[in-house]
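Working notes for the structure below.
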Amino acid sequence: GLTQRAQQHNQLPQDLTRPSSPERTRPLPPDVGSTEPGFQRPREVPPPGTAPGLTLYATDLLPGADGQFRVLKDRTQAPSGLGYALENRTVMSRLIPSLFRDSHPHRLAPFFRRLRESLAALAPAAGDEEPRVVIMTPGPHNETYFEHLYLSNYLDYTLIEGANLVVRDGRVWLKSVSGLESVDVILRRVDDHFCDPLELRPDSLLGVPGLVEAVRRGRVAIANPLGTGIMESPALMAFLPRLAKHLLGQELRLPSGATWWCGQPRELDYVLSNLSKLVVRSTHRASGDIPVFGNQLDAAGLAEWRERIRARPHQYVAQEQLTPATAPTLQEGRLYPHQSILRTFLAAGQDSFMVMPGGLTRVGETPESRIVSSQSGAISKDTWVLASEPEQVVTLVPTGKTVYPQMQETLPGFAAENLFWLARYAERAEDTIRLIRNIHHRRNETLQLADPVYQAALEILLCGLTQMTMTYPGFTGAGAKERLAEPQAELVDLISNQQRAGTLAANLSSMLNAAYAVRNQVSSDTRRVINDISDELAVLTRDGHAGLHPLEDAMDRIITALMAIAGATSESMSRELGWHFLILGRRIERAQLLIALLRAAVTVEMEPEIEVLVLESVLTVAESHTLYRRRIRKQPQ
């Protein structure tokens, strides 16, 4: 049933864009599809029949309480969830290896091998060279960016954003640190209308100017092709049984729930009369695909929705309200029945589609959740299809005696930039912590001794902190005298205020953003340390800090983690381009911070006894005090 449905959707774009004639009957009303925002007219995409079909297809299946599966949604544009299904399988096989071994679930690697073969087959003729396939992502702020990273690592594809590609001479090129590198196939995770600001959506910052023209010329292939987003419209579900007979000459084996498109008068009347029993959806995802359950509306709500549907009937469909099956889910130490939805995946082959032997099962956040989606807090489960006997272990790593040439290293520009700034922000946070800790100790000595020499040294260091972190006015400028006398509030703000540029919290937040964008460039242990820093940042930014003492432990843990990252990148990261950008960022930032600190501390005229205290602090912050004492054996001067 899934294979038949994939074949049907594979032929559907040609039928939607093919002009009708008196001799040809079309099973679709003319307003279905062509009025949707996701519809791409033939002038905007390659002509039907010249572009490859679907490479990846997914469906959301609803396991009914009656034991039958029904299709809730079709995903044809840029189906998500593959990476999460793969990660779930990896985690479960490690957590419960004995159950995994004894149950003999079908392995997922053959499916991903088929996907790799299908993508490679899309490439324009490239001789004996292996085609370059990239994954195009909207960027780190997309909610599924983790999956994009995970898939790029597993499939060994370069992860890029639209800004990293450029079209020249009708071809698509990757802007890498080494220069322009040709791209043959793009596995996109960007919606249709965002892919090309020249010919599609002009305000898009996610696409590549000229991409559509390169596709027209046959110089690059896109999976899935542009224009396939229209097939995700729920309006088509009302006509899929008829389309199966028209396109395939077969009955639809895997049905959807009963669907009524409100653009037809008889169906509109039925929906308005039975609204309290139905589920209303928008026909396109652009306006938000949040279903409205009629049985949850009061009389006023039903009246309001009837008016909405009457005003724009073409934009709404209604579906029968299905009762999904439940899956036992552990919550607070007990099992509860949560409603579940199964997302299945299919990859194209030469003659047919291959179904992934598994999928991504999502269950509602609570037993009462009616909407099951990742955006609404749903959790996921690994899904097993059991084999009758143990399967052979299959991986994506080439086997045999064939000698494969080493691939040239590719480092996209955005990866180099984020590695560079990851190192700079890490160094900035590390030096800020060291100086604040030293100032805190100097302040404790000043309060104990009540010595004006210590107070003068403390004020110089506080001014140096403002100059080094660029958090003006801080301890300089207007009001500085009061803040120097009572520095605690300003110091706490310099540590915990994430919204103020230059503070410790802001630098850590920027470092984490850069690290998230390039987490596929670092080791798993380094990612674990980065996660620890994220937890400590939450401690720093928590409201209600009365002083520095509660923050000291958190800063100690953070600086230990920062040193662990520096050690891991130094010892465990190969000396390739990414490592060089990390080292560049760290050395440049360390030099600039040290210069700023020296400018504030050693260019100020001061008494010799004050100078000793200030220079001791400078040496401590620069991690050189012990070395100075061992080599010079005199007071700092």
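We label chains A, B, ... in the order they appear in the structure tokens, count residues from 1 in each chain, and number ligands from 1 in the order shown.
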Checklist line | Residue list (strand (DSSP E), DSSP) for range 116-227 of chain A, as a PyMOL selection string | finding: chain A and resi 133-137+158-161+165-168+171-176+179-182+185-188+221-223
Note to self: For range 593-596 of chain A, find every residue with an atom within 6 Å (counting only C-alpha atoms), except residues of its own chain fewer than 3 positions away, and show them as a ChimeraX atom specification.
What the structure shows: /A:468,590,599
Item checked: For Lys175 in chain A, the nearest of the candidates A:Arg5, A:Val133, A:Pro412, A:Leu248, counting only C-alpha atoms ->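 Smallest separation from Lys175 in chain A among the options: A:Pro412.
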Checklist line | Point-to-point distance in Å for CA of Gln637 in chain A and CA of Glu430 in chain A | finding: 25.2 Å
Checklist line | Selection near Tyr84 in chain A, 12 Å with only C-alpha atoms, sequence-local residues under 6 positions removed, as a PyMOL selection string | finding: chain A and resi 90-91+144-151+154+343+358-362+374+379-383
I'd like a table as a tab-separated table: residues in range 301-329 of chain A with an atom no more than 7 Å from range 252-276 of chain A, each row giving the shortest atom pair and its distance in Å to one decimal, only C-alpha atoms counted, sorted by chain and rising residue number.
residue	atom	partner	partner_atom	distance
A:Arg306	CA	A:Leu272	CA	6.2
A:Pro313	CA	A:Cys262	CA	5.0
A:His314	CA	A:Gly263	CA	4.3
A:Tyr316	CA	A:Cys262	CA	5.9
A:Val317	CA	A:Trp261	CA	4.5
A:Ala318	CA	A:Trp260	CA	5.2
A:Gln319	CA	A:Thr259	CA	4.4
A:Glu320	CA	A:Ala258	CA	5.5
Check: In Å to one decimal, how far is CA of Gly502 in chain A from CA of Asn418 in chain A?
Finding: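 Between these atoms lies a distance of 18.0 Å.
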Checklist line | Residues near Ala564 in chain A, cut-off 12 Å, only C-alpha atoms, skip fewer than 2 positions along chain, as a ChimeraX atom specification | finding: /A:426,430,525-530,532-533,557-562,566-572
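Residues surrounding Ala517 in chain A within 8 Å are Gly139, Pro140, Ala415, Asn418 and Asn513 of chain A [only C-alpha atoms; sequence separation below 4 positions excluded].
Backbone DSSP of range 312-434 of chain A yields alpha helix (DSSP H) at A:Gly413, A:Phe414, A:Ala415, A:Ala416, A:Glu417, A:Asn418, A:Leu419, A:Phe420, A:Trp421, A:Leu422, A:Ala423, A:Arg424, A:Tyr425, A:Ala426, A:Glu427, A:Arg428, A:Ala429, A:Glu430, A:Asp431, A:Thr432, A:Ile433, A:Arg434.
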Check: Counting only C-alpha atoms, which of A:Thr228, A:Ala348, A:Ser574, A:Glu368 gets nearest to Tyr336 in chain A?
Finding: A:Glu368
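Of the listed residues A:Leu597, A:Val355, A:Leu548, A:Val183, the one whose atoms come nearest to His441 in chain A is A:Leu548, with distances taken using only C-alpha atoms.
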Margin query: List as a PyMOL selection string the protein and nucleic acid residues near Ala214 in chain A, meaning an atom at most 8 Å away when only C-alpha atoms are counted, but skip any in the same chain fewer than 3 places from it.
Written below: chain A and resi 167+170-172+210-211+217-220
Would you write out those residues with N, CA and C atoms, as an mmCIF file, in the first residue's frame?
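Output below, filename selection01.cif:
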data_model
loop_
_atom_site.group_PDB
_atom_site.id
_atom_site.type_symbol
_atom_site.label_atom_id
_atom_site.label_comp_id
_atom_site.auth_asym_id
_atom_site.auth_seq_id
_atom_site.Cartn_x
_atom_site.Cartn_y
_atom_site.Cartn_z
ATOM 1 N N VAL A 167 25.573 30.166 -8.143
ATOM 2 C CA VAL A 167 25.346 29.687 -9.502
ATOM 3 C C VAL A 167 26.214 30.511 -10.446
ATOM 4 N N GLY A 170 25.655 28.614 -15.279
ATOM 5 C CA GLY A 170 24.607 27.607 -15.301
ATOM 6 C C GLY A 170 24.831 26.424 -14.396
ATOM 7 N N ARG A 171 25.874 26.438 -13.553
ATOM 8 C CA ARG A 171 26.153 25.349 -12.633
ATOM 9 C C ARG A 171 26.132 25.859 -11.198
ATOM 10 N N VAL A 172 25.936 24.925 -10.276
ATOM 11 C CA VAL A 172 25.926 25.255 -8.853
ATOM 12 C C VAL A 172 27.280 24.887 -8.263
ATOM 13 N N GLY A 210 19.332 31.899 -8.829
ATOM 14 C CA GLY A 210 19.659 31.212 -10.069
ATOM 15 C C GLY A 210 19.544 29.710 -10.012
ATOM 16 N N LEU A 211 19.112 29.135 -8.875
ATOM 17 C CA LEU A 211 19.055 27.680 -8.731
ATOM 18 C C LEU A 211 18.061 27.062 -9.715
ATOM 19 N N ARG A 217 18.515 23.729 -16.858
ATOM 20 C CA ARG A 217 19.573 23.346 -17.800
ATOM 21 C C ARG A 217 20.069 21.922 -17.582
ATOM 22 N N GLY A 218 19.599 21.285 -16.510
ATOM 23 C CA GLY A 218 20.048 19.929 -16.235
ATOM 24 C C GLY A 218 21.439 19.854 -15.659
ATOM 25 N N ARG A 219 21.918 20.962 -15.077
ATOM 26 C CA ARG A 219 23.279 20.980 -14.525
ATOM 27 C C ARG A 219 23.335 20.526 -13.064
ATOM 28 N N VAL A 220 22.186 20.486 -12.406
ATOM 29 C CA VAL A 220 22.126 20.051 -11.010
ATOM 30 C C VAL A 220 20.766 19.413 -10.783
#
Notebook entry, point to check: Taking into account only C-alpha atoms, which residue in the set A:His338, A:Arg500, A:Arg114, A:His193 is nearest to Ala378 in chain A?
Noted result: A:His338
Margin query: Would you compute the distance between CA of Gly477 in chain A and CA of Glu589 in chain A? Give it in Å to one decimal.
Written below: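 So the answer is 25.3 Å.
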Checklist line | Contacts of Ala325 in chain A at 12 Å (only C-alpha atoms; same-chain gap of 4+ positions) as a list in words | finding: Leu61, Leu62, Pro63, Gly64, Ala65, Asp66, Gly67, Gln68, Phe69, Arg70, Pro337, His338, Gln339, Ser340, Ile341, Leu342, Thr361, Arg362, Val363, Gly364, Pro367 and Arg370 of chain A
Write to file, as an mmCIF file, in the first residue's frame, the residues of the selection just made, with N, CA and C atoms.
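The resulting out11.cif:
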data_model
loop_
_atom_site.group_PDB
_atom_site.id
_atom_site.type_symbol
_atom_site.label_atom_id
_atom_site.label_comp_id
_atom_site.auth_asym_id
_atom_site.auth_seq_id
_atom_site.Cartn_x
_atom_site.Cartn_y
_atom_site.Cartn_z
ATOM 1 N N LEU A 61 1.052 7.648 9.234
ATOM 2 C CA LEU A 61 0.013 6.636 9.344
ATOM 3 C C LEU A 61 -0.632 6.710 10.719
ATOM 4 N N LEU A 62 -1.937 6.582 10.713
ATOM 5 C CA LEU A 62 -2.691 6.595 11.959
ATOM 6 C C LEU A 62 -3.134 5.172 12.250
ATOM 7 N N PRO A 63 -2.546 4.512 13.232
ATOM 8 C CA PRO A 63 -3.048 3.178 13.601
ATOM 9 C C PRO A 63 -4.393 3.333 14.294
ATOM 10 N N GLY A 64 -5.457 2.914 13.633
ATOM 11 C CA GLY A 64 -6.791 3.093 14.201
ATOM 12 C C GLY A 64 -7.072 2.123 15.314
ATOM 13 N N ALA A 65 -8.071 2.458 16.139
ATOM 14 C CA ALA A 65 -8.469 1.560 17.215
ATOM 15 C C ALA A 65 -9.041 0.257 16.673
ATOM 16 N N ASP A 66 -9.472 0.265 15.376
ATOM 17 C CA ASP A 66 -10.009 -0.948 14.754
ATOM 18 C C ASP A 66 -8.921 -1.824 14.154
ATOM 19 N N GLY A 67 -7.658 -1.430 14.326
ATOM 20 C CA GLY A 67 -6.566 -2.235 13.805
ATOM 21 C C GLY A 67 -6.157 -1.908 12.396
ATOM 22 N N GLN A 68 -6.840 -0.978 11.725
ATOM 23 C CA GLN A 68 -6.524 -0.608 10.353
ATOM 24 C C GLN A 68 -5.662 0.651 10.339
ATOM 25 N N PHE A 69 -4.746 0.709 9.361
ATOM 26 C CA PHE A 69 -3.929 1.900 9.166
ATOM 27 C C PHE A 69 -4.609 2.824 8.146
ATOM 28 N N ARG A 70 -4.584 4.107 8.448
ATOM 29 C CA ARG A 70 -5.067 5.109 7.508
ATOM 30 C C ARG A 70 -4.025 6.215 7.412
ATOM 31 N N PRO A 337 -1.408 5.190 28.396
ATOM 32 C CA PRO A 337 -1.703 5.074 26.961
ATOM 33 C C PRO A 337 -1.684 6.444 26.289
ATOM 34 N N HIS A 338 -0.724 6.678 25.388
ATOM 35 C CA HIS A 338 -0.622 7.927 24.643
ATOM 36 C C HIS A 338 -0.989 7.673 23.177
ATOM 37 N N GLN A 339 -1.729 8.586 22.576
ATOM 38 C CA GLN A 339 -2.067 8.460 21.170
ATOM 39 C C GLN A 339 -0.798 8.518 20.321
ATOM 40 N N SER A 340 -0.760 7.736 19.236
ATOM 41 C CA SER A 340 0.466 7.586 18.463
ATOM 42 C C SER A 340 0.216 7.766 16.969
ATOM 43 N N ILE A 341 1.262 8.215 16.277
ATOM 44 C CA ILE A 341 1.283 8.345 14.822
ATOM 45 C C ILE A 341 2.605 7.766 14.335
ATOM 46 N N LEU A 342 2.559 6.984 13.253
ATOM 47 C CA LEU A 342 3.746 6.354 12.699
ATOM 48 C C LEU A 342 4.111 7.040 11.385
ATOM 49 N N THR A 361 7.855 6.546 15.253
ATOM 50 C CA THR A 361 6.579 6.612 15.966
ATOM 51 C C THR A 361 6.629 7.768 16.945
ATOM 52 N N ARG A 362 5.645 8.649 16.852
ATOM 53 C CA ARG A 362 5.544 9.770 17.786
ATOM 54 C C ARG A 362 4.296 9.593 18.629
ATOM 55 N N VAL A 363 4.436 9.902 19.898
ATOM 56 C CA VAL A 363 3.299 9.806 20.817
ATOM 57 C C VAL A 363 3.099 11.153 21.482
ATOM 58 N N GLY A 364 1.863 11.443 21.870
ATOM 59 C CA GLY A 364 1.535 12.714 22.486
ATOM 60 C C GLY A 364 2.299 12.936 23.778
ATOM 61 N N PRO A 367 -1.304 11.844 28.033
ATOM 62 C CA PRO A 367 -2.390 10.980 27.555
ATOM 63 C C PRO A 367 -3.549 11.768 26.944
ATOM 64 N N ARG A 370 -4.223 15.654 21.916
ATOM 65 C CA ARG A 370 -4.922 15.285 20.689
ATOM 66 C C ARG A 370 -4.071 15.533 19.452
#
